[in-house]
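**Student:** Structure provided below as structure tokens; questions to follow.
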Amino acid sequence: MAGTSEKELLQLKKRLLELAEKSYNRGIYTYTPFLSLSEQQVFYEVEKEVAYAGFGMEGGSPVCERKMIRFGSVENLGYEEEYPIVCMELMPVTPKFADKFTHRDFLGAVMNLGIERNTIGDIFLKEPGAILFCQESIAPFILENLGQVKHTTIKCRIAQTTEEIEEAEPKEVSVTVASARIDGVIAKLYNISRSQSLELFRNGRVFVNGMTMENNSYPLKKGDAVTVRGYGKFIFYKAAGETRKGKERVIIGMFV
């Protein structure tokens, strides 16, 4: 849980309990800001304690890593309510002369507006710009004030999530490994040694489906979403059979 102090994690745990109680007692939906994977792990630690209120998690798209937690349910409250998440498209005004962007470029430009990090969800590169998820309350401010990334003038607009995110989906790749064990797949994908891969597990930097993964021999299953902090994230699609040398060919969706 690097990057978040123990004090902050304890405060988050207390806040989660308060939001669950507020939802249940007042008959309303309550929401957290966007939570990182480490912060989501805190939720899993108190999941049983807040189950009475009902809850859900959403980031704006199934492929999102940062997510809001919503307390309340149709069964408890008698009505449904959409998550206050907006999908935004950030595109250069003149694509031909645009800089080559990275995820960090867009995040830095947004943070330079003085916005809190937890109001911003995932950012996906979408040539020649990006797709950004944010809290509904901060969207008008971004639309009005975000006009430049690096040296490129950009324009922002509200996007239709299901349509716009399609082009930001992971790139399908095929790799050959000894088996579908998670440590071997990570070592292969990111061109690191098995010992380096093992260190990632020891340091709590590997997450599967939003939860910290400590078992480096875990056999990946279809649909597993894996995040390796400092390297990237991927989705395990399937094992595609053995090679002539007895290796296993697996199909991966990598976010680039």
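Residue names in the structure tokens use chain letters A, B, ... in the order shown, residue numbers from 1 in each chain, and ligand numbers from 1 in the order shown.
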Determine, counting only C-alpha atoms, which protein, DNA and RNA residues have an atom within 10 Å of an atom of Thr152 (chain A); residues of the same chain fewer than 4 positions away are not included. Present the result as a PyMOL selection string.

**Tutor:** chain A and resi 91-95+97-101+147-148

**Student:** Keeping only N, CA and C atoms, write the selected residues as a PDB file, in the first residue's frame.

**Tutor:**
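New file result.pdb:
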ATOM      1  N   MET A  91      -9.102  15.893 -26.661  1.00  0.00           N
ATOM      2  CA  MET A  91      -8.494  15.750 -27.984  1.00  0.00           C
ATOM      3  C   MET A  91      -7.782  17.025 -28.431  1.00  0.00           C
ATOM      4  N   PRO A  92      -6.658  16.894 -29.144  1.00  0.00           N
ATOM      5  CA  PRO A  92      -5.958  18.081 -29.656  1.00  0.00           C
ATOM      6  C   PRO A  92      -6.807  18.793 -30.697  1.00  0.00           C
ATOM      7  N   VAL A  93      -6.752  20.110 -30.684  1.00  0.00           N
ATOM      8  CA  VAL A  93      -7.498  20.902 -31.663  1.00  0.00           C
ATOM      9  C   VAL A  93      -6.957  20.640 -33.066  1.00  0.00           C
ATOM     10  N   THR A  94      -5.641  20.521 -33.178  1.00  0.00           N
ATOM     11  CA  THR A  94      -5.010  20.237 -34.468  1.00  0.00           C
ATOM     12  C   THR A  94      -4.173  18.958 -34.327  1.00  0.00           C
ATOM     13  N   PRO A  95      -4.773  17.808 -34.546  1.00  0.00           N
ATOM     14  CA  PRO A  95      -4.071  16.529 -34.336  1.00  0.00           C
ATOM     15  C   PRO A  95      -2.751  16.399 -35.087  1.00  0.00           C
ATOM     16  N   PHE A  97      -0.402  18.419 -35.605  1.00  0.00           N
ATOM     17  CA  PHE A  97       0.736  19.067 -34.966  1.00  0.00           C
ATOM     18  C   PHE A  97       0.786  18.797 -33.461  1.00  0.00           C
ATOM     19  N   ALA A  98       0.047  17.787 -32.998  1.00  0.00           N
ATOM     20  CA  ALA A  98      -0.023  17.502 -31.566  1.00  0.00           C
ATOM     21  C   ALA A  98       1.231  16.804 -31.060  1.00  0.00           C
ATOM     22  N   ASP A  99       1.541  17.014 -29.779  1.00  0.00           N
ATOM     23  CA  ASP A  99       2.624  16.283 -29.131  1.00  0.00           C
ATOM     24  C   ASP A  99       2.251  14.808 -29.036  1.00  0.00           C
ATOM     25  N   LYS A 100       3.232  13.984 -28.767  1.00  0.00           N
ATOM     26  CA  LYS A 100       3.003  12.582 -28.474  1.00  0.00           C
ATOM     27  C   LYS A 100       2.759  12.479 -26.972  1.00  0.00           C
ATOM     28  N   PHE A 101       1.586  12.005 -26.584  1.00  0.00           N
ATOM     29  CA  PHE A 101       1.193  12.049 -25.186  1.00  0.00           C
ATOM     30  C   PHE A 101       1.401  10.722 -24.465  1.00  0.00           C
ATOM     31  N   GLY A 147      -7.239  23.451 -21.201  1.00  0.00           N
ATOM     32  CA  GLY A 147      -7.099  23.830 -22.607  1.00  0.00           C
ATOM     33  C   GLY A 147      -5.769  23.466 -23.230  1.00  0.00           C
ATOM     34  N   GLN A 148      -4.860  22.898 -22.407  1.00  0.00           N
ATOM     35  CA  GLN A 148      -3.534  22.591 -22.953  1.00  0.00           C
ATOM     36  C   GLN A 148      -2.928  21.385 -22.244  1.00  0.00           C
TER      37      GLN A 148
END

**Student:** Out of A:Val175, A:Lys14, A:Arg157, A:Ala225, which residue has the shortest atom-to-atom distance to Thr212 (chain A) when counting only C-alpha atoms?

**Tutor:**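 Closest candidate: A:Ala225.
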
**Student:** Nearest to Gly78 (chain A): which of A:Phe236, A:Phe201, A:Tyr218, A:Tyr29 is it, counting only C-alpha atoms?

**Tutor:** A:Tyr29

**Student:** DSSP on the backbone: what in region 104-253 of chain A comes out strand (DSSP E), as a PyMOL selection string?

**Tutor:** chain A and resi 120-126+129-135+148-149+152-158+171-177+206-208+211-212+225-228+232-242+248-253

**Student:** Extract, using only C-alpha atoms, all DNA, RNA and protein residues at most 7 Å from Lys171 (chain A), discarding same-chain residues fewer than 3 positions from it, and format them as a PyMOL selection string.

**Tutor:** chain A and resi 253-255

**Student:** Residues within 12 Å of Glu80 (chain A), please, as a list of chain:residue names. Count only C-alpha atoms; anything in the same chain fewer than 6 positions from it doesn't count.

**Tutor:**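 Contacts, in chain order: A:Gly27, A:Ile28, A:Tyr29, A:Gly56, A:Arg70, A:Phe71, A:Gly72, A:Ser73, A:Val74.
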
**Student:** Considering only C-alpha atoms, can you say which of A:Cys156, A:Leu189, A:Cys64, A:Ala240 comes closest to Phe141 (chain A)?

**Tutor:**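 Looking only at the distances to Phe141 (chain A), the closest residue turns out to be A:Cys156.
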
**Student:** Name the residues of region 8-240 of chain A that fall into helix (DSSP H, G or I) according to DSSP on the backbone, using the chain letters and numbers of this document, as an MDAnalysis selection string.

**Tutor:** chainID A and resid 8:26 37:53 74:77 95:97 103:111 117:119 139:145 161:168 182:189 194:202

**Student:** Separation of CA of Leu107 (chain A) and CA of Ile123 (chain A), in Å?

**Tutor:**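 Calculated distance between CA of Leu107 (chain A) and CA of Ile123 (chain A) is 7.5 Å.
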
**Student:** Identify which of the residues A:Lys238, A:Arg181, A:Arg15, A:Arg194 lies closest to Ile69 (chain A), counting only C-alpha atoms when measuring atom-to-atom distances.

**Tutor:**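 Smallest distance to Ile69 (chain A) is found for A:Arg15.
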
**Student:** Between A:Leu12, A:Asn76, A:Lys7, A:Gly59, which has the minimum distance to Arg26 (chain A) (counting only C-alpha atoms)?

**Tutor:**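 Looking at the shortest contact to Arg26 (chain A), the residue is A:Asn76.
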
**Student:** Figure out the distance between CA of Leu35 (chain A) and CA of Leu132 (chain A), please, to one decimal in Å.

**Tutor:**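 Between these atoms lies a distance of 15.1 Å.
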
**Student:** Choose the residue, out of A:Leu16, A:Ile192, A:Val206, A:Met68, that has the smallest atom-to-atom separation from Glu45 (chain A); count only C-alpha atoms.

**Tutor:** A:Leu16

**Student:** How many Å separate CA of Leu77 (chain A) from CA of Val42 (chain A)?

**Tutor:**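 Rounded to one decimal, the two atoms are 25.0 Å apart.
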
**Student:** For Ala239 (chain A), list every protein, DNA or RNA residue within 10 Å, evaluated using only C-alpha atoms, and leave out those in the same chain fewer than 6 positions away; present the list as a short mmCIF file (atom, residue, chain, number, x, y, z; two decimals) with N, CA and C atoms, in the first residue's frame.

**Tutor:**
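Now in out-v7.cif:
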data_model
loop_
_atom_site.label_atom_id
_atom_site.label_comp_id
_atom_site.auth_asym_id
_atom_site.auth_seq_id
_atom_site.Cartn_x
_atom_site.Cartn_y
_atom_site.Cartn_z
N SER A 174 -0.11 -12.28 -27.75
CA SER A 174 0.08 -13.70 -27.44
C SER A 174 1.50 -13.90 -26.94
N VAL A 175 1.65 -14.57 -25.80
CA VAL A 175 2.98 -14.83 -25.26
C VAL A 175 3.10 -16.30 -24.89
N THR A 176 4.33 -16.80 -24.87
CA THR A 176 4.59 -18.19 -24.53
C THR A 176 5.28 -18.25 -23.17
N SER A 179 3.85 -21.79 -17.82
CA SER A 179 2.49 -22.08 -17.39
C SER A 179 1.78 -20.75 -17.19
N ALA A 180 0.50 -20.80 -16.86
CA ALA A 180 -0.27 -19.57 -16.66
C ALA A 180 -0.14 -19.02 -15.25
N LEU A 220 -3.63 -17.92 -13.37
CA LEU A 220 -4.55 -16.92 -13.93
C LEU A 220 -5.75 -17.59 -14.58
N LYS A 221 -6.90 -16.94 -14.41
CA LYS A 221 -8.16 -17.45 -14.96
C LYS A 221 -8.74 -16.45 -15.95
N LYS A 222 -9.56 -16.94 -16.84
CA LYS A 222 -10.18 -16.10 -17.86
C LYS A 222 -10.87 -14.90 -17.22
N GLU A 248 3.29 -23.11 -22.78
CA GLU A 248 1.87 -22.76 -22.91
C GLU A 248 1.73 -21.38 -23.56
N ARG A 249 0.87 -21.31 -24.54
CA ARG A 249 0.61 -20.01 -25.21
C ARG A 249 -0.63 -19.41 -24.59
N VAL A 250 -0.50 -18.15 -24.12
CA VAL A 250 -1.63 -17.48 -23.48
C VAL A 250 -1.94 -16.18 -24.22
N ILE A 251 -3.20 -15.80 -24.18
CA ILE A 251 -3.66 -14.58 -24.84
C ILE A 251 -3.96 -13.54 -23.77
N ILE A 252 -3.35 -12.38 -23.92
CA ILE A 252 -3.42 -11.31 -22.93
C ILE A 252 -3.95 -10.03 -23.59
#

**Student:** Extract, using only C-alpha atoms, all DNA, RNA and protein residues at most 9 Å from Ser36 (chain A), discarding same-chain residues fewer than 3 positions from it, and format them as a PyMOL selection string.

**Tutor:** chain A and resi 39-41+65-67+118+121+210

**Student:** Any chance you can output those residues with N, CA, C and O atoms as a PDB file, in the first residue's frame?

**Tutor:**
ATOM      1  N   GLU A  39      -6.570   1.596  -1.617  1.00  0.00           N
ATOM      2  CA  GLU A  39      -7.717   2.067  -0.839  1.00  0.00           C
ATOM      3  C   GLU A  39      -8.896   1.108  -0.957  1.00  0.00           C
ATOM      4  O   GLU A  39      -9.642   0.897   0.008  1.00  0.00           O
ATOM      5  N   GLN A  40      -9.065   0.507  -2.126  1.00  0.00           N
ATOM      6  CA  GLN A  40     -10.124  -0.488  -2.286  1.00  0.00           C
ATOM      7  C   GLN A  40      -9.868  -1.695  -1.397  1.00  0.00           C
ATOM      8  O   GLN A  40     -10.795  -2.337  -0.902  1.00  0.00           O
ATOM      9  N   GLN A  41      -8.603  -1.993  -1.142  1.00  0.00           N
ATOM     10  CA  GLN A  41      -8.258  -3.102  -0.263  1.00  0.00           C
ATOM     11  C   GLN A  41      -8.784  -2.849   1.152  1.00  0.00           C
ATOM     12  O   GLN A  41      -9.195  -3.779   1.849  1.00  0.00           O
ATOM     13  N   GLU A  65      -9.755   0.928 -13.280  1.00  0.00           N
ATOM     14  CA  GLU A  65      -9.069   0.460 -12.076  1.00  0.00           C
ATOM     15  C   GLU A  65      -9.500   1.268 -10.863  1.00  0.00           C
ATOM     16  O   GLU A  65      -9.823   0.706  -9.818  1.00  0.00           O
ATOM     17  N   ARG A  66      -9.486   2.575 -10.965  1.00  0.00           N
ATOM     18  CA  ARG A  66      -9.923   3.440  -9.869  1.00  0.00           C
ATOM     19  C   ARG A  66     -11.448   3.444  -9.839  1.00  0.00           C
ATOM     20  O   ARG A  66     -12.082   3.641 -10.878  1.00  0.00           O
ATOM     21  N   LYS A  67     -12.026   3.247  -8.660  1.00  0.00           N
ATOM     22  CA  LYS A  67     -13.476   3.104  -8.581  1.00  0.00           C
ATOM     23  C   LYS A  67     -14.060   3.849  -7.382  1.00  0.00           C
ATOM     24  O   LYS A  67     -13.394   4.044  -6.374  1.00  0.00           O
ATOM     25  N   ASN A 118      -8.442  12.391  -5.996  1.00  0.00           N
ATOM     26  CA  ASN A 118      -9.551  11.446  -5.839  1.00  0.00           C
ATOM     27  C   ASN A 118     -10.828  11.847  -6.565  1.00  0.00           C
ATOM     28  O   ASN A 118     -11.818  11.123  -6.522  1.00  0.00           O
ATOM     29  N   GLY A 121     -10.847   9.621 -12.063  1.00  0.00           N
ATOM     30  CA  GLY A 121     -10.748   8.178 -12.182  1.00  0.00           C
ATOM     31  C   GLY A 121      -9.653   7.789 -13.155  1.00  0.00           C
ATOM     32  O   GLY A 121      -8.600   8.421 -13.212  1.00  0.00           O
ATOM     33  N   GLY A 210      -8.658  -6.052  -8.450  1.00  0.00           N
ATOM     34  CA  GLY A 210      -8.755  -5.014  -7.431  1.00  0.00           C
ATOM     35  C   GLY A 210      -8.243  -5.388  -6.065  1.00  0.00           C
ATOM     36  O   GLY A 210      -8.190  -4.543  -5.166  1.00  0.00           O
TER      37      GLY A 210
END
